[in-house]
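This is input_5.cif. It holds mmCIF, C-alpha atoms.
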```cif
data_model
#
loop_
_atom_site.label_atom_id
_atom_site.label_comp_id
_atom_site.auth_asym_id
_atom_site.auth_seq_id
_atom_site.Cartn_x
_atom_site.Cartn_y
_atom_site.Cartn_z
CA MET A 1 0.00 0.00 0.00
CA SER A 2 1.46 3.36 -1.02
CA LEU A 3 1.71 6.17 1.50
CA PRO A 4 -0.19 9.42 0.95
CA GLN A 5 1.98 12.09 -0.71
CA PHE A 6 2.19 15.83 -0.16
CA ASP A 7 1.60 17.76 -3.39
CA ARG A 8 4.40 20.33 -3.71
CA SER A 9 2.79 21.91 -6.77
CA LYS A 10 0.26 23.52 -4.40
CA ILE A 11 2.95 25.52 -2.59
CA HIS A 12 3.00 29.24 -3.31
CA GLN A 13 6.64 29.90 -4.15
CA ARG A 14 7.59 33.54 -3.63
CA PRO A 15 10.06 35.67 -5.63
CA LEU A 16 13.47 35.66 -3.99
CA ALA A 17 13.59 39.46 -4.31
CA GLU A 18 10.84 39.69 -1.68
CA ARG A 19 12.88 37.90 0.97
CA LYS A 20 14.59 39.73 3.80
CA ASN A 21 18.18 38.47 3.96
CA LYS A 22 20.54 38.59 6.91
CA VAL A 23 23.81 38.47 4.97
CA ASN A 24 25.14 40.69 2.17
CA ILE A 25 28.25 39.04 0.74
CA ALA A 26 29.81 42.29 -0.50
CA GLU A 27 29.79 43.61 3.06
CA ILE A 28 31.16 40.59 4.93
CA TYR A 29 33.36 38.55 2.57
CA ILE A 30 36.88 37.71 3.67
CA HIS A 31 39.62 39.09 1.40
CA PRO A 32 43.08 37.48 1.25
CA SER A 33 44.65 40.83 2.14
CA ASP A 34 42.59 41.21 5.33
CA PRO A 35 44.81 41.56 8.44
CA ASP A 36 45.72 38.56 10.55
CA PRO A 37 43.07 37.73 13.15
CA GLU A 38 44.08 37.76 16.79
CA MET A 39 44.61 34.20 17.98
CA ARG A 40 46.21 32.45 20.94
CA PRO A 41 49.91 31.52 20.53
CA GLU A 42 49.14 27.79 20.62
CA ALA A 43 46.56 28.27 17.86
CA CYS A 44 49.09 30.11 15.71
CA GLU A 45 51.59 27.30 16.24
CA MET A 46 49.05 24.66 15.23
CA ILE A 47 48.13 26.63 12.09
CA ALA A 48 51.79 27.02 11.14
CA ARG A 49 52.29 23.25 11.45
CA THR A 50 49.21 22.63 9.34
CA ALA A 51 50.52 24.97 6.65
CA GLU A 52 53.80 23.02 6.56
CA TYR A 53 51.92 19.73 6.19
CA ILE A 54 49.78 21.13 3.36
CA LEU A 55 52.76 22.41 1.40
CA GLU A 56 54.63 19.14 1.93
CA ALA A 57 51.61 17.20 0.68
CA ARG A 58 51.21 19.35 -2.42
CA THR A 59 54.95 19.24 -3.18
CA ASN A 60 54.66 15.45 -3.16
CA GLY A 61 51.50 15.47 -5.26
CA ARG A 62 49.31 14.30 -2.39
CA PRO A 63 45.73 15.51 -1.82
CA VAL A 64 44.49 18.15 0.57
CA ILE A 65 40.79 17.72 1.29
CA LEU A 66 38.75 20.49 2.92
CA ALA A 67 35.38 19.50 4.37
CA PHE A 68 33.37 22.44 5.65
CA GLY A 69 29.91 23.38 6.86
CA ALA A 70 27.51 25.90 5.34
CA HIS A 71 28.57 28.61 7.80
CA SER A 72 31.90 28.87 6.02
CA ILE A 73 29.99 30.18 2.99
CA LYS A 74 27.60 32.31 5.08
CA ASN A 75 30.65 33.81 6.80
CA GLY A 76 32.00 35.08 3.47
CA LEU A 77 34.87 32.63 2.98
CA GLY A 78 34.03 31.71 -0.62
CA PRO A 79 36.35 34.25 -2.30
CA LEU A 80 39.21 33.37 0.06
CA LEU A 81 38.81 29.66 -0.66
CA VAL A 82 38.84 30.39 -4.39
CA GLU A 83 42.34 31.79 -3.83
CA TYR A 84 43.32 28.53 -2.14
CA LEU A 85 42.20 26.75 -5.30
CA ARG A 86 43.98 29.20 -7.56
CA ARG A 87 47.26 28.47 -5.78
CA GLY A 88 46.75 24.70 -5.79
CA TRP A 89 46.65 24.31 -2.01
CA ILE A 90 43.35 22.41 -1.92
CA THR A 91 42.53 19.51 -4.21
CA HIS A 92 39.04 18.59 -3.01
CA LEU A 93 36.18 20.53 -1.41
CA ALA A 94 33.31 18.81 0.38
CA THR A 95 30.24 20.46 1.90
CA ASN A 96 26.57 19.88 2.58
CA GLY A 97 23.48 20.93 0.62
CA ALA A 98 23.10 24.20 2.52
CA GLY A 99 26.64 25.23 1.59
CA ILE A 100 25.70 24.89 -2.08
CA ILE A 101 22.49 26.88 -1.62
CA HIS A 102 24.12 29.84 0.12
CA ASP A 103 26.83 29.88 -2.54
CA TRP A 104 24.23 29.95 -5.35
CA GLU A 105 22.18 32.70 -3.70
CA PHE A 106 25.27 34.87 -3.22
CA ALA A 107 26.13 34.41 -6.91
CA PHE A 108 22.55 35.14 -8.01
CA GLN A 109 21.68 38.12 -5.82
CA GLY A 110 24.63 38.84 -3.52
CA LYS A 111 22.55 38.02 -0.43
CA SER A 112 21.49 34.94 1.52
CA SER A 113 20.28 33.63 4.90
CA GLU A 114 16.64 34.17 5.73
CA ALA A 115 14.96 34.73 9.11
CA VAL A 116 13.71 31.20 9.86
CA TYR A 117 11.81 32.13 13.03
CA GLU A 118 9.89 34.85 11.20
CA ASN A 119 9.19 32.93 8.00
CA LEU A 120 8.36 29.46 9.33
CA PRO A 121 5.02 30.43 10.98
CA GLU A 122 4.04 32.25 7.77
CA GLY A 123 4.65 29.17 5.64
CA CYS A 124 7.25 30.91 3.50
CA PHE A 125 10.50 29.56 4.96
CA GLY A 126 12.45 28.04 2.07
CA THR A 127 9.74 28.60 -0.52
CA TRP A 128 11.69 30.86 -2.87
CA GLU A 129 11.09 30.36 -6.56
CA GLU A 130 14.47 31.20 -8.09
CA THR A 131 16.48 29.17 -5.57
CA GLY A 132 14.34 26.04 -5.83
CA PHE A 133 13.80 26.27 -9.57
CA SER A 134 17.40 27.01 -10.57
CA ILE A 135 19.26 24.61 -8.30
CA ASN A 136 16.92 21.69 -8.94
CA LEU A 137 17.09 22.31 -12.69
CA ALA A 138 20.90 22.65 -12.59
CA ILE A 139 21.24 19.31 -10.80
CA ALA A 140 18.85 17.50 -13.16
CA VAL A 141 20.63 18.86 -16.24
CA GLY A 142 24.12 18.47 -14.77
CA VAL A 143 23.76 14.87 -13.68
CA TRP A 144 22.29 14.03 -17.11
CA GLN A 145 25.56 15.43 -18.52
CA GLY A 146 27.60 13.33 -16.09
CA TYR A 147 28.35 15.92 -13.41
CA GLY A 148 27.88 15.51 -9.67
CA TYR A 149 25.88 17.75 -7.36
CA GLY A 150 28.57 20.37 -6.69
CA ALA A 151 29.87 20.60 -10.26
CA SER A 152 26.34 20.80 -11.70
CA VAL A 153 25.60 23.93 -9.68
CA GLY A 154 29.11 25.36 -10.14
CA LYS A 155 28.85 24.95 -13.90
CA ALA A 156 25.46 26.69 -14.03
CA ILE A 157 26.82 29.60 -11.97
CA ALA A 158 30.01 29.95 -14.01
CA GLU A 159 28.21 29.75 -17.37
CA GLN A 160 25.15 31.73 -16.22
CA GLY A 161 22.74 29.22 -17.60
CA LEU A 162 21.99 25.72 -18.84
CA ARG A 163 21.49 23.99 -22.17
CA ILE A 164 18.09 22.34 -22.18
CA PRO A 165 17.93 19.33 -24.50
CA SER A 166 14.91 18.75 -26.70
CA GLU A 167 12.26 16.30 -25.60
CA GLN A 168 13.01 14.19 -28.67
CA GLU A 169 16.70 13.97 -27.73
CA LEU A 170 15.74 12.67 -24.31
CA ILE A 171 13.13 10.29 -25.71
CA ASN A 172 15.75 8.83 -28.06
CA LEU A 173 18.09 8.21 -25.13
CA ILE A 174 15.32 6.66 -23.08
CA ARG A 175 14.75 4.27 -25.98
CA ASP A 176 18.31 3.61 -27.12
CA GLY A 177 20.70 4.63 -24.31
CA ASP A 178 22.29 2.47 -21.66
CA ILE A 179 20.48 1.99 -18.35
CA ALA A 180 22.08 5.03 -16.68
CA GLN A 181 21.28 7.25 -19.68
CA LYS A 182 17.71 6.00 -19.78
CA ALA A 183 17.15 6.83 -16.11
CA ALA A 184 18.80 10.25 -16.14
CA SER A 185 17.04 11.18 -19.39
CA ALA A 186 13.64 10.16 -18.01
CA ASP A 187 14.24 12.20 -14.85
CA LEU A 188 15.26 15.26 -16.84
CA LEU A 189 12.35 14.90 -19.25
CA ASN A 190 9.98 14.92 -16.28
CA VAL A 191 11.65 18.04 -14.84
CA ILE A 192 11.59 20.09 -18.04
CA ARG A 193 7.96 19.14 -18.68
CA LYS A 194 7.05 20.32 -15.18
CA ALA A 195 8.96 23.54 -15.82
CA ARG A 196 7.48 23.88 -19.33
CA LEU A 197 10.90 24.67 -20.77
CA GLU A 198 11.73 24.88 -24.46
CA ALA A 199 14.90 23.33 -25.85
CA GLY A 200 17.90 25.60 -26.08
CA TRP A 201 19.81 27.92 -23.81
CA HIS A 202 18.12 28.78 -20.50
CA GLU A 203 19.73 31.84 -18.95
CA ILE A 204 20.25 32.07 -15.19
CA PRO A 205 22.05 35.38 -14.53
CA THR A 206 24.63 35.28 -11.74
CA PRO A 207 25.94 38.86 -11.58
CA CYS A 208 27.76 38.22 -8.28
CA ARG A 209 29.46 34.98 -9.35
CA GLU A 210 32.91 36.32 -8.39
CA TYR A 211 31.91 35.42 -4.81
CA SER A 212 31.03 31.82 -5.71
CA LEU A 213 33.25 29.01 -4.48
CA GLN A 214 31.37 26.44 -6.58
CA ALA A 215 31.94 28.45 -9.76
CA GLY A 216 35.62 28.84 -8.84
CA ALA A 217 35.99 25.10 -8.28
CA PHE A 218 34.39 24.36 -11.65
CA GLN A 219 36.60 26.89 -13.45
CA PHE A 220 39.80 25.59 -11.83
CA GLY A 221 38.87 21.95 -12.30
CA VAL A 222 38.92 21.20 -8.57
CA ALA A 223 36.61 18.49 -7.25
CA SER A 224 33.77 20.02 -5.24
CA THR A 225 31.34 17.53 -3.80
CA ALA A 226 28.04 17.93 -1.96
CA HIS A 227 26.83 15.43 0.60
CA PRO A 228 23.14 16.21 1.21
CA MET A 229 20.49 14.53 3.31
CA PHE A 230 17.08 14.36 1.71
CA GLY A 231 14.64 16.89 3.16
CA HIS A 232 17.32 18.93 4.93
CA ASP A 233 17.49 21.77 2.39
CA ILE A 234 15.04 24.34 1.10
CA ILE A 235 15.26 23.08 -2.50
CA TYR A 236 13.12 20.09 -1.45
CA THR A 237 10.10 22.35 -1.09
CA HIS A 238 10.03 23.07 -4.84
CA HIS A 239 7.96 20.96 -7.25
CA LEU A 240 10.92 20.61 -9.65
CA ASN A 241 12.88 18.70 -7.03
CA SER A 242 13.73 15.21 -8.26
CA GLY A 243 14.82 12.69 -5.67
CA ALA A 244 16.26 10.48 -8.39
CA ALA A 245 18.42 13.30 -9.80
CA ILE A 246 19.53 14.36 -6.31
CA GLY A 247 20.46 10.79 -5.43
CA ARG A 248 22.33 10.21 -8.68
CA ALA A 249 24.31 13.45 -8.30
CA ALA A 250 25.07 12.80 -4.63
CA GLU A 251 26.25 9.27 -5.45
CA LEU A 252 28.68 10.60 -8.06
CA ASP A 253 29.98 13.09 -5.51
CA PHE A 254 30.37 10.53 -2.75
CA LEU A 255 32.37 8.22 -5.00
CA SER A 256 34.55 11.15 -6.08
CA TYR A 257 35.13 12.00 -2.43
CA ALA A 258 35.92 8.36 -1.61
CA HIS A 259 38.47 8.34 -4.43
CA SER A 260 40.21 11.37 -2.94
CA VAL A 261 40.20 9.73 0.50
CA SER A 262 41.73 6.58 -1.04
CA GLU A 263 44.76 8.65 -2.08
CA LEU A 264 45.14 10.37 1.30
CA ASN A 265 48.43 8.74 2.33
CA GLY A 266 50.87 11.63 2.62
CA GLY A 267 47.99 14.08 2.38
CA VAL A 268 46.00 16.30 4.72
CA TYR A 269 42.32 16.26 5.72
CA LEU A 270 40.87 19.52 7.06
CA SER A 271 37.49 19.35 8.79
CA VAL A 272 36.27 22.90 9.47
CA GLY A 273 32.98 23.68 11.18
CA THR A 274 31.26 20.40 10.32
CA ALA A 275 30.74 18.13 13.31
CA ILE A 276 28.22 15.85 11.55
CA MET A 277 28.63 15.70 7.76
CA SER A 278 32.41 15.46 7.60
CA PRO A 279 33.03 12.62 10.09
CA THR A 280 30.04 10.53 9.03
CA VAL A 281 30.93 10.68 5.34
CA PHE A 282 34.66 10.31 6.03
CA GLU A 283 34.29 7.10 8.05
CA LYS A 284 32.45 5.30 5.25
CA ALA A 285 34.81 6.53 2.54
CA PHE A 286 37.87 5.69 4.65
CA SER A 287 36.62 2.18 5.39
CA MET A 288 35.96 1.59 1.68
CA ALA A 289 39.41 2.85 0.74
CA GLN A 290 41.13 0.86 3.50
CA ASN A 291 39.29 -2.29 2.43
CA VAL A 292 40.73 -2.07 -1.08
CA ALA A 293 44.18 -0.97 0.11
CA LEU A 294 44.50 -3.98 2.43
CA GLN A 295 43.69 -6.32 -0.46
CA HIS A 296 46.85 -5.01 -2.12
CA GLY A 297 49.02 -5.31 0.99
CA GLU A 298 48.86 -1.57 1.64
CA GLN A 299 47.34 0.59 4.36
CA LEU A 300 46.01 4.12 4.76
CA ASN A 301 47.82 5.44 7.83
CA ARG A 302 50.13 8.22 6.65
CA HIS A 303 47.63 11.09 6.56
CA ARG A 304 47.28 14.08 8.84
CA ILE A 305 44.03 15.54 10.14
CA ALA A 306 43.16 18.98 11.48
CA VAL A 307 39.73 19.49 13.06
CA VAL A 308 38.49 23.03 13.67
CA ASP A 309 35.33 23.76 15.61
CA LEU A 310 33.86 26.31 18.01
CA ALA A 311 33.40 23.66 20.70
CA GLU A 312 36.02 23.52 23.45
CA PRO A 313 37.63 20.06 23.73
CA ARG A 314 38.17 18.62 27.20
CA TRP A 315 40.04 15.50 26.17
CA ASP A 316 43.28 15.00 24.25
CA TRP A 317 42.13 12.30 21.85
CA PHE A 318 45.41 11.87 20.05
CA ARG A 319 47.60 11.52 23.15
CA GLN A 320 45.12 9.91 25.57
CA GLY A 321 43.25 7.72 23.11
CA GLU A 322 39.56 6.96 23.46
CA PRO A 323 38.11 8.14 26.80
CA PRO A 324 36.05 5.91 29.12
CA ARG A 325 32.44 5.55 28.06
CA GLU A 326 31.22 7.48 31.09
CA ASN A 327 33.29 10.50 30.02
CA PRO A 328 31.12 13.06 28.15
CA GLU A 329 33.86 13.44 25.56
CA TYR A 330 33.17 9.86 24.45
CA ASN A 331 30.16 11.16 22.57
CA THR A 332 32.19 13.52 20.37
CA PRO A 333 31.67 11.63 17.09
CA PHE A 334 34.09 13.49 14.87
CA MET A 335 37.04 12.88 17.20
CA LYS A 336 36.25 9.16 17.54
CA THR A 337 35.89 8.81 13.78
CA PHE A 338 39.08 10.59 12.81
CA LEU A 339 41.24 9.02 15.52
CA ARG A 340 40.14 5.53 14.49
CA SER A 341 41.51 6.16 11.00
CA LYS A 342 44.93 6.01 12.71
CA PRO A 343 46.38 9.19 11.21
CA LEU A 344 50.04 10.08 11.33
CA GLY A 345 48.97 13.13 13.30
CA MET A 346 45.72 14.75 14.39
CA GLU A 347 45.08 18.10 16.04
CA PHE A 348 41.97 19.88 17.28
CA LEU A 349 41.64 23.66 17.34
CA THR A 350 38.86 25.70 18.90
CA ALA A 351 38.50 28.63 16.53
CA ASP A 352 36.12 30.54 14.29
CA ASN A 353 36.34 29.25 10.72
CA ARG A 354 37.05 32.77 9.41
CA ALA A 355 40.02 33.22 11.71
CA PHE A 356 41.44 29.76 11.00
CA LEU A 357 41.20 29.87 7.21
CA LEU A 358 42.47 33.44 6.93
CA LYS A 359 45.43 32.80 9.24
CA LEU A 360 46.20 29.53 7.42
CA PHE A 361 46.10 31.36 4.08
CA HIS A 362 48.65 33.89 5.35
CA GLU A 363 50.91 31.16 6.70
CA LEU A 364 50.80 29.29 3.41
CA SER A 365 51.56 32.52 1.53
CA LYS A 366 54.61 33.21 3.71
CA MET A 367 55.96 29.67 3.33
CA SER A 368 55.38 29.36 -0.41
#
```
Do you think you could lay out the structure here as structure tokens?
Amino acid sequence: MSLPQFDRSKIHQRPLAERKNKVNIAEIYIHPSDPDPEMRPEACEMIARTAEYILEARTNGRPVILAFGAHSIKNGLGPLLVEYLRRGWITHLATNGAGIIHDWEFAFQGKSSEAVYENLPEGCFGTWEETGFSINLAIAVGVWQGYGYGASVGKAIAEQGLRIPSEQELINLIRDGDIAQKAASADLLNVIRKARLEAGWHEIPTPCREYSLQAGAFQFGVASTAHPMFGHDIIYTHHLNSGAAIGRAAELDFLSYAHSVSELNGGVYLSVGTAIMSPTVFEKAFSMAQNVALQHGEQLNRHRIAVVDLAEPRWDWFRQGEPPRENPEYNTPFMKTFLRSKPLGMEFLTADNRAFLLKLFHELSKMS
């Protein structure tokens, strides 16, 4: 027996221009030339060590993976991180669905972050036409072209639009393509019929795309993966949302991320402001990679990890190992996860993500 379904086509989607936003990217973005933030001496020492490890890894052709939460984008770090990519210091970016959404909204209108407490009782939280329409369409088109979640949105931002295939082109692929092409083509056909789109170029202006990390990653050819959870993001309120397209794009991104993790020996993993997504995705990818490595008589155990969060740690995980179960620190999932990957070194820093990434950028610049 099928479950009753909510009809998203009944939702009144409002123009994004009507929304009151809390963040204007032009006013808060972090510039590489901004002065060093004030930080404790031990924090500065940890950041200097991390910079050395990153440069050593890149000199040896090893990956540097940065996993980060959506607040890194909301805090205006996109342009700074683009400079990291430009200089080759980061080889893989990983974030959640909200990080992609804030990045797209900054590129589209220069503003993001709505007042949830005000909008939720009015039934308008997350129901913004341009955000839901454009991101869902970009993912459906992008994954049909073979791109993952992050690259699909980054490509649409960078190119300021999407090529919509004709219905006949999709019908031909549904009839004659391989299984993956059939499925992706059927999903896209359903989306463009819902949107009533004609074949050809569909323009999506992004006048503020210089602030977009996803566009920068696409332009520099750097892997940028999204790791969403269904229903967590505002794009799921829009009737163009396709669970099949989301799942296909997220799968491509997860496997790309797992590939980067599989090459992490000699590399560096940075987990910044993401206490849930980063460790939970990392542990599965690491286990997969270790499984295959052990079959070839190898092992992943020569990586370094730096975890940055606002929470104050009360336990030295690396030197004291896993605490007793009755210790409240036992329930700190990201520390348990990362320590169990047996890294060559792991450090935890309590810091704001803006301060950490700006200070690290300056340290890398001085050492390069």
Once the PyMOL selection byres ((chain A and resi 97) around 9) has been evaluated on this model, what residues remain selected, and can you format them as a list in words?
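Given this file, the PyMOL selection byres ((chain A and resi 97) around 9) evaluates to Ala70, Thr95, Asn96, Ala98, Gly99, Ile100, Ile101, His102, Tyr149, Gly150, Ala226, His227, Pro228, Met229, His232 and Asp233 of chain A.
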Which residue is closest to Leu77 in chain A? Choose from A:Ala285, A:Leu188, A:Leu197, A:Ile30 and count all atoms listed in the file.
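So, comparing all the options, the nearest one is A:Ile30.
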To test your reading of the syntax: which residues would the PyMOL selection byres ((chain A and resi 348) around 8) return for the file shown? Reply as a ChimeraX atom specification.
/A:306-309,313,346-347,349-350
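Here CA of Phe68 in chain A and CA of Ile90 in chain A stand 12.5 Å from one another.
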Test item: residues at most 8 Å from range 62-67 of chain A, all atoms listed in the file, excluding those fewer than 5 positions along its chain, as a PyMOL selection string
chain A and resi 54+57+89-95+260+263-272+274+278
Measuring atom to atom with all atoms listed in the file, identify which of A:Ala289, A:Leu120, A:Ile276, A:Ala215 is nearest to Thr337 in chain A.
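So, comparing all the options, the nearest one is A:Ile276.
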A:Val222, A:Met1, A:Leu358, A:Leu255: which is nearest Gly154 in chain A, counting only C-alpha atoms?
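Nearest candidate to Gly154 in chain A out of A:Val222, A:Met1, A:Leu358, A:Leu255: A:Val222.
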For the file shown, report as a list in words the outcome of the PyMOL selection byres ((chain A and resi 107) around 9) at residue level.
His102, Asp103, Trp104, Glu105, Phe106, Phe108, Gln109, Gly110, Lys111, Ile157, Pro205, Thr206, Pro207, Cys208, Arg209, Glu210, Tyr211, Ser212 and Ala215 of chain A
Please, could you write that set of residues out with C-alpha atoms as a compact mmCIF listing (two decimals), keeping the file's coordinate frame?
```
# COMPACT_ATOMS: atom_id res chain seq x y z
CA HIS A 102 24.12 29.84 0.12
CA ASP A 103 26.83 29.88 -2.54
CA TRP A 104 24.23 29.95 -5.35
CA GLU A 105 22.18 32.70 -3.70
CA PHE A 106 25.27 34.87 -3.22
CA PHE A 108 22.55 35.14 -8.01
CA GLN A 109 21.68 38.12 -5.82
CA GLY A 110 24.63 38.84 -3.52
CA LYS A 111 22.55 38.02 -0.43
CA ILE A 157 26.82 29.60 -11.97
CA PRO A 205 22.05 35.38 -14.53
CA THR A 206 24.63 35.28 -11.74
CA PRO A 207 25.94 38.86 -11.58
CA CYS A 208 27.76 38.22 -8.28
CA ARG A 209 29.46 34.98 -9.35
CA GLU A 210 32.91 36.32 -8.39
CA TYR A 211 31.91 35.42 -4.81
CA SER A 212 31.03 31.82 -5.71
CA ALA A 215 31.94 28.45 -9.76
```
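Among A:Ile25, A:Ala158, A:Ile234, A:Ala199, the residue with the shortest atom-to-atom distance to Val116 in chain A, counting only C-alpha atoms, is A:Ile234.
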Proximity check range 4-69 of chain A to range 123-131 of chain A, 9 Å, nearest pairs one decimal Å, all atoms listed in the file, as a Markdown table:
```
| residue | atom | partner | partner_atom | distance |
| --- | --- | --- | --- | --- |
| A:Ile11 | CA | A:Thr127 | CA | 7.7 |
| A:His12 | CA | A:Thr127 | CA | 7.3 |
| A:Gln13 | CA | A:Thr127 | CA | 4.9 |
| A:Arg14 | CA | A:Trp128 | CA | 5.0 |
| A:Pro15 | CA | A:Glu129 | CA | 5.5 |
| A:Leu16 | CA | A:Trp128 | CA | 5.2 |
| A:Ala17 | CA | A:Trp128 | CA | 8.9 |
| A:Glu18 | CA | A:Trp128 | CA | 9.0 |
| A:Arg19 | CA | A:Trp128 | CA | 8.1 |
```
Minimum-distance residue to Phe282 in chain A, chosen among A:Ala258, A:His202, A:Gly247, A:Glu45 (using all atoms listed in the file)
A:Ala258
Between CA of Gly273 in chain A and CA of Leu310 in chain A lies a distance of 7.4 Å
Find the distance between CA of Ala48 in chain A and CA of Ser368 in chain A and write it in Å to one decimal.
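These two atoms are separated by 12.3 Å.
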Quick one: of A:Ala275, A:Met367, A:Ile305, A:Ile171, who's nearest to Gly69 in chain A, counting all atoms listed in the file?
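That would be A:Ala275, the residue with the smallest distance to Gly69 in chain A.
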Kindly compute an axis-aligned box around the listed atoms of range 255-259 of chain A, allowing 6 Å on each side, and express its centre and edge lengths in Å to one decimal as AutoDock Vina command-line options.
```
--center_x 35.4 --center_y 10.1 --center_z -3.8 --size_x 18.1 --size_y 15.8 --size_z 16.5
```
Around (36.6, 30.8, -7.7) in the file's own coordinates, what residues are found within 8 Å if you use all atoms listed in the file, given back as an NGL selection string?
:A and (78-79 or 81-83 or 85-86 or 210-220)
Convert the current residue selection to file output with C-alpha atoms, as a JSON list (two decimals), keeping the file's coordinate frame.
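Okay, this is what ended up in result_1.json:
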```json
[["chain", "number", "residue", "atom", "x", "y", "z"],
["A", 78, "GLY", "CA", 34.03, 31.71, -0.62],
["A", 79, "PRO", "CA", 36.35, 34.25, -2.30],
["A", 81, "LEU", "CA", 38.81, 29.66, -0.66],
["A", 82, "VAL", "CA", 38.84, 30.39, -4.39],
["A", 83, "GLU", "CA", 42.34, 31.79, -3.83],
["A", 85, "LEU", "CA", 42.20, 26.75, -5.30],
["A", 86, "ARG", "CA", 43.98, 29.20, -7.56],
["A", 210, "GLU", "CA", 32.91, 36.32, -8.39],
["A", 211, "TYR", "CA", 31.91, 35.42, -4.81],
["A", 212, "SER", "CA", 31.03, 31.82, -5.71],
["A", 213, "LEU", "CA", 33.25, 29.01, -4.48],
["A", 214, "GLN", "CA", 31.37, 26.44, -6.58],
["A", 215, "ALA", "CA", 31.94, 28.45, -9.76],
["A", 216, "GLY", "CA", 35.62, 28.84, -8.84],
["A", 217, "ALA", "CA", 35.99, 25.10, -8.28],
["A", 218, "PHE", "CA", 34.39, 24.36, -11.65],
["A", 219, "GLN", "CA", 36.60, 26.89, -13.45],
["A", 220, "PHE", "CA", 39.80, 25.59, -11.83]]
```
Selection near Pro165 in chain A, 10 Å with only C-alpha atoms, sequence-local residues under 3 positions removed, as a PDB file with C-alpha atoms, in the frame of the given file:
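Result went into around.pdb, see below:
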```pdb
ATOM      1  CA  VAL A 141      20.630  18.860 -16.240  1.00  0.00           C
ATOM      2  CA  LEU A 162      21.990  25.720 -18.840  1.00  0.00           C
ATOM      3  CA  GLN A 168      13.010  14.190 -28.670  1.00  0.00           C
ATOM      4  CA  GLU A 169      16.700  13.970 -27.730  1.00  0.00           C
ATOM      5  CA  LEU A 170      15.740  12.670 -24.310  1.00  0.00           C
ATOM      6  CA  SER A 185      17.040  11.180 -19.390  1.00  0.00           C
ATOM      7  CA  LEU A 188      15.260  15.260 -16.840  1.00  0.00           C
ATOM      8  CA  LEU A 189      12.350  14.900 -19.250  1.00  0.00           C
ATOM      9  CA  ILE A 192      11.590  20.090 -18.040  1.00  0.00           C
ATOM     10  CA  LEU A 197      10.900  24.670 -20.770  1.00  0.00           C
ATOM     11  CA  GLU A 198      11.730  24.880 -24.460  1.00  0.00           C
ATOM     12  CA  ALA A 199      14.900  23.330 -25.850  1.00  0.00           C
ATOM     13  CA  GLY A 200      17.900  25.600 -26.080  1.00  0.00           C
ATOM     14  CA  TRP A 201      19.810  27.920 -23.810  1.00  0.00           C
TER      15      TRP A 201
END
```
